[in-house]
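Written below as structure tokens is the structure these notes are about.
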Amino acid sequence: KEGINSAREAVVRRRKDEEGESQAIESYQRDFLEFALDEGVLKFGSFVLKSGRTSPYFFNAGLFSSGSALHKLGRSYAAAIMASDKLVENGIPAFDVVFGPAYKGISLGALVCASLYSDFKVETSFAYNRKEAKDHGEGGILVGASMVGKRVLIVDDVITAGTAIRESHGMLQKIDAKPVGVAIALDRAEKRSLEDPLSAVQAVARDLDIPVVSIVALPQLQEYLKQSPRYDDSVLKQVTEYRSQYGI
């Protein structure tokens, strides 16, 4: 019940923010950032990205590798999903199945499905795909709940170019499933290039016509640094400058 009320309050605050009122970082977002930092999943420094940009922070979800971290990760996803008025209406999710694309998405999808039930008493099904079709036993590339005719939420860690999400979307449509949204851990919220005003997340949402919800995005990371005594002003300055240059 406490989780449900917290999610509802987050929706109200988010709507106020969209109307131009200030919004503090949500408690589940702060908790996520703090334990991501504790686990070394999120780091500050100087990191050269695949794009060639030098980023003041780096996020590697593969380092969520302990039981406690995975438990917290699942709860963070569930909180973000239930706080989204794009994926939930009147406390009822707009999806029937949580789908985890291979490989990282498989464990993430299972965690999300379990956390939705444990924290919010929301019962959903779970499915995932294999990279290669199995030619014995049950065969095929899809495992778990049937998604035919079902509304499906895709879960992954981040969206870099959006290729994996687009492939999952196309595969789901081929089996007559209905992709209704995507949930990720971190949205870097930066332009794909200085000539392109859209981020990879925005491009996916536009091209596939589905919402993309993240636990945190670059603006929340910046807000966290403003409030936290854990880091000095130089870290905030670097993140702020990076967002000014590349942020959407």
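Lettering and numbering for the structure tokens are positional, with chains as A, B, ... in the shown order, residues counted from 1 in each chain, and ligands counted from 1 in the shown order.
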
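Using only C-alpha atoms, the protein and nucleic acid residues lying no more than 6 Å from Phe99 (chain A), apart from those fewer than 3 places from it along its own chain, are Gly109, Phe126, Ala127, Tyr128, Leu153 and Ile154 of chain A.
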
Pull N, CA and C atoms from the residues just selected and write them as a short mmCIF file (atom, residue, chain, number, x, y, z; two decimals), in the first residue's frame.
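The resulting file, out.cif, is reproduced below:
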data_model
loop_
_atom_site.label_atom_id
_atom_site.label_comp_id
_atom_site.auth_asym_id
_atom_site.auth_seq_id
_atom_site.Cartn_x
_atom_site.Cartn_y
_atom_site.Cartn_z
N GLY A 109 13.68 -8.12 -16.98
CA GLY A 109 12.25 -8.37 -17.11
C GLY A 109 11.72 -9.22 -15.98
N PHE A 126 5.47 -12.86 -17.88
CA PHE A 126 6.84 -12.57 -18.28
C PHE A 126 7.26 -13.45 -19.46
N ALA A 127 7.98 -12.86 -20.39
CA ALA A 127 8.49 -13.59 -21.55
C ALA A 127 9.82 -12.99 -21.99
N TYR A 128 10.59 -13.78 -22.71
CA TYR A 128 11.85 -13.28 -23.25
C TYR A 128 12.18 -14.03 -24.53
N LEU A 153 5.05 -4.71 -22.39
CA LEU A 153 6.01 -3.70 -21.94
C LEU A 153 7.41 -4.28 -22.12
N ILE A 154 8.24 -3.58 -22.88
CA ILE A 154 9.62 -4.00 -23.11
C ILE A 154 10.52 -3.38 -22.04
#

Exercise. What residues in region 24-223 of chain A get the DSSP label strand (DSSP E or B)? Please answer as a count of residues only.
Worked result: 66

Seminar exercise, completed: Residue with the minimum atom-to-atom distance to Tyr103 (chain A), picked from A:Leu73, A:Ile81, A:Val155, A:Ala183 with only C-alpha atoms counted, is A:Val155

For this session: Fewer than 3 positions away in the same chain doesn't count, so skip those; otherwise give me all residues within 7 Å of Val212 (chain A), counting only C-alpha atoms, as a PyMOL selection string.
Result: chain A and resi 181-183+201+205

Next, dump the selected residues to file, keeping only all heavy atoms, as a compact mmCIF listing (two decimals), in the first residue's frame.
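File written: out_30.txt
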# COMPACT_ATOMS: atom_id res chain seq x y z
N GLY A 181 4.93 0.09 -24.59
CA GLY A 181 5.86 0.96 -23.89
C GLY A 181 7.19 0.30 -23.64
O GLY A 181 7.37 -0.90 -23.86
N VAL A 182 8.14 1.13 -23.21
CA VAL A 182 9.49 0.66 -22.88
C VAL A 182 9.87 1.24 -21.53
O VAL A 182 9.58 2.41 -21.24
CB VAL A 182 10.51 1.13 -23.94
CG1 VAL A 182 11.92 0.66 -23.56
CG2 VAL A 182 10.13 0.63 -25.33
N ALA A 183 10.51 0.43 -20.69
CA ALA A 183 11.02 0.90 -19.41
C ALA A 183 12.53 0.65 -19.38
O ALA A 183 12.98 -0.46 -19.66
CB ALA A 183 10.35 0.19 -18.24
N VAL A 201 16.27 8.13 -27.02
CA VAL A 201 15.00 7.76 -26.39
C VAL A 201 13.83 8.45 -27.08
O VAL A 201 12.80 7.82 -27.37
CB VAL A 201 15.03 8.11 -24.89
CG1 VAL A 201 13.63 8.03 -24.28
CG2 VAL A 201 15.97 7.17 -24.15
N ALA A 205 10.66 6.70 -29.11
CA ALA A 205 9.27 7.01 -28.76
C ALA A 205 8.52 7.56 -29.97
O ALA A 205 7.35 7.21 -30.20
CB ALA A 205 9.24 8.01 -27.61

For this session: Using CA of Ser214 (chain A) and CA of Asp31 (chain A) as the two end points, give the distance in Å to one decimal.
Result: 14.2 Å

Problem set entry | Who sits within 9 Å of Leu236 (chain A), only C-alpha atoms, same chain under 4 positions skipped, as JSON, numbers by chain | {"A": [222, 223, 225, 226, 231, 232, 240, 241]}
